[in-house]
Amino acid sequence: MRGLEAHAVRIEVDITPGLPGLRMVGLADAAVRESRERVRAALRNSGLKVPLTRVVVSLAPADLRKEGPAFDLPIALGLLIASGQLPAERMEGVWSAAELGLDGALRGIRGALALALAAREAGARALLLPWGNAPEAALVEGLRVLGASTLREALTMLNDPGSARPPRARPSTPQPGTVPDLGDVQGASHGRRALEIAAAGGHHLLLVGPPGSGKTMLARRLGGLLPPLCREEALELTRLQSVAGLIPEGGGLVWRRPFRSPHHSCSAAALVGGGGSPRPGELSLAHMGVLFLDELGEFRRSVLDQLRQPLEDGELWITRSRQRARFPCRVILVAATNPCPCGWFAEPGRECRCTEGERRRYWGRLSGPLLDRIDLQVVMRHPEARELAHVVGPSEGGAAGAAAVETSRVVAARVRAARARMRRRNPQGCGNGLLPAEALRPLLQLEEGAQSLWETTLQRRQLTLRGGLKVLRLARTIADLAGRDQVDRAAIAEAFSYRTFDQMV
């Protein structure tokens with residue numbers, strides 16, 4: 001695996017006279033070198049002969065580093081061909097990958113979907129995998145997938161292709177999710193409105209407020225406002241999660257948008273990805289979903305600053321000395337933080353215990369360029385008692401304690417309608433949050449007076465050019481939610497109301 005791409009490795013086995021032993025060449029890591037013992041035991045316990053002579057196994061190309069136990073099965077099959085226990089023509093055009101148990105069982109691997117795509121592109125005749133990975137690989141059309149539970153069963157299948165059982169993936173239909181409903185959130189009207197705009201245009205969102213003001217409740221309900229995935233998007237998401245090893249055995253397409261919430265103590269490699277052989281981090285695992293960074297002020301600044309370019313580009317490139325891997329990361333970032341270390345700064349009726357220096361150090365962890373990339377910046381307040389009356393039910397007089405609020409289903413319908421307008425109008429159907437600057441101006445359709453309001457407020461607020469463009473993208477989304485073709489002064493004014501913390505750092 002290189003990023004999301006699988007690359008072919010040819011296994012060559014040579015048996016020559018000499019002292020018994022198996023030598024592995026071809027830049028193999030420890031897990032691959034240890035396959036010598038697994039392969040020997042699996043062959044012996046499956047009733048097959050282990051060559052009692054000198055064996056050399058080459059993994060080509062030799063300059064490509066090989067990692068993981070997926071090479072066990074092809075090495076065993078190569079040994080069987082070299083020792084005359086399997087006709088070589090049975091493996092013509094057949095790709096294979098699996099970890100071997102000592103008893104000959106085939107164990108699952110990661111990246112089966114990426115491997116199947118690579119095999120189809122290379123013109124492979126068939127792909128032999130563990131039975132648990134076969135349904136996942138069977139999602140790729142135009143490739144025959146063979147699934148086996150043991151090494152013996154794999155041999156039977158290769159010698160008699162008609163005995164193979166066709167793997168069946170789980171039904172490729174969207175499954176109902178269990179995302180909490182937005183109707184559970186009382187009050188927080190400004191935050192609810194910002195959440196709707198974020199879902200419609202794919203804008204990043206920062207929620208700042210005291211403990212218990214509903215920041216986390218709102219963030220966890222964003223997934224219920226997003227439209228369902230199409231099959232192409234589900235296939236891309238499944239491929240990414242397969243490479244990360246998150247697909248359970250027998251799993252099919254992943255239809256639910258991911259929601260990732262890493263702890264604030266995570267490292268940069270855990271958040272954005274990395275390692276000697278690059279693996280996706282939380283940012284990429286949230287692709288086409290929500291990345292929620294709770295307690296944003298507790299993250300290390302060096303970790304947060306690595307989000308700046310990927311958030312803007314929608315993809316992440318990780319470069320190492322021997323390889324360069326690309327991981328997609330089109331996410332909606334939702335960040336939540338307290339206004340100060342104690343959490344009560346500027347909260348009516350509560351006294352903040354922090355000094356001015358402590359507050360500055362706290363906000364100093366958030367760099368200006370990072371805040372500049374967050375489209376919506378919202379201040380949250382504690383809901384009033386009358387807004388929480390629905391928790392205990394109607395009062396004694398029988399009157400309802402709180403007015404009914406819109407559910408996720410109602411808000412999601414507006415979001416879908418707004419996104420439909422964007423797909424018809426925007427280049428490649430992208431959301432307004434990802435509109436490039438050169439495509440933004442002809443799509444704005446500003447009404448008379450809207451541009452002058454934007455220019456005047458931009459100069460007075462001293463926003464950067466990036467911040468000013470984000471205001472225009474927000475205004476375009478607000479107009480789309482209202483079903484308007486043109487952006488008016490009200491949309492511009494509302495968009496500026498969400499730029500609260502640009503001058504904080």
# chains A, B, ... in the order shown; residues from 1 in each chain; ligands from 1
>>> select_by_dssp(residues="stretch 240-337 of chain A", states="strand (DSSP E)", output="list in words")
Phe259, Arg260, Gly273, Gly274, Arg279, Pro280, Val290, Leu291, Phe292, Leu293, Glu315, Leu316, Trp317, Ile318, Thr319, Arg324, Ala325, Arg326, Phe327, Pro328, Ile332, Leu333, Val334, Ala335, Ala336 and Thr337 of chain A
>>> residues_around(residues="stretch 123-139 of chain A", least_positions_apart="6", cutoff="8 Å", atoms="only C-alpha atoms", output="ChimeraX atom specification")
/A:92-98,106-109,112-113,115-116,145-150,154,167-170,249-253
>>> write_last_selection(atoms="C-alpha atoms", output="short mmCIF file (atom, residue, chain, number, x, y, z; two decimals), in the first residue's frame")
data_model
loop_
_atom_site.label_atom_id
_atom_site.label_comp_id
_atom_site.auth_asym_id
_atom_site.auth_seq_id
_atom_site.Cartn_x
_atom_site.Cartn_y
_atom_site.Cartn_z
CA GLU A 92 -1.70 -17.54 -14.19
CA GLY A 93 -3.37 -14.14 -13.84
CA VAL A 94 -4.41 -14.80 -10.23
CA TRP A 95 -3.53 -12.30 -7.52
CA SER A 96 -3.58 -13.37 -3.87
CA ALA A 97 -3.07 -11.91 -0.40
CA ALA A 98 -3.72 -13.27 3.10
CA LEU A 106 -6.51 -17.57 6.15
CA ARG A 107 -6.76 -14.41 8.19
CA GLY A 108 -8.03 -11.02 7.03
CA ILE A 109 -5.90 -8.16 5.73
CA ALA A 112 -8.77 -5.48 0.26
CA LEU A 113 -10.86 -3.01 -1.75
CA LEU A 115 -6.14 -4.40 -3.84
CA ALA A 116 -9.18 -5.44 -5.87
CA VAL A 145 -13.07 -12.76 -6.39
CA LEU A 146 -12.29 -16.11 -4.74
CA GLY A 147 -12.76 -16.42 -0.99
CA ALA A 148 -11.26 -19.25 1.08
CA SER A 149 -11.12 -19.99 4.79
CA THR A 150 -8.05 -22.27 4.80
CA ALA A 154 -7.69 -22.29 -1.51
CA PRO A 167 -18.80 -14.12 -2.10
CA ARG A 168 -21.76 -11.91 -1.40
CA ALA A 169 -21.32 -8.39 -0.14
CA ARG A 170 -23.85 -6.90 2.19
CA GLU A 249 -15.09 -8.99 8.05
CA GLY A 250 -17.90 -9.46 5.59
CA GLY A 251 -18.50 -5.72 5.45
CA GLY A 252 -19.83 -4.01 2.36
CA LEU A 253 -20.04 -0.37 1.39
#
>>> select_by_dssp(residues="stretch 202-261 of chain A", states="alpha helix (DSSP H)", output="PyMOL selection string")
chain A and resi 215-219+231-243
>>> closest_residue(among="A:Arg421, A:Lys49, A:Arg23, A:Arg365", to="A:Ala200", atoms="only C-alpha atoms")
A:Arg421
>>> atom_distance(atom1="atom CA of A:Glu37", atom2="atom CA of A:Arg322")
28.6 Å
>>> closest_residue(among="A:Leu293, A:Ala269, A:Ile247, A:Ile197", to="A:Leu481", atoms="only C-alpha atoms")
A:Ile197
>>> atom_distance(atom1="atom CA of A:Ala199", atom2="atom CA of A:Ala439")
20.8 Å
>>> closest_residue(among="A:Ile15, A:Ala82, A:Leu304, A:Leu64", to="A:Leu271", atoms="only C-alpha atoms")
A:Leu304
>>> closest_residue(among="A:Ala491, A:Leu376, A:Leu453, A:Ala188", to="A:Met217", atoms="only C-alpha atoms")
A:Ala188
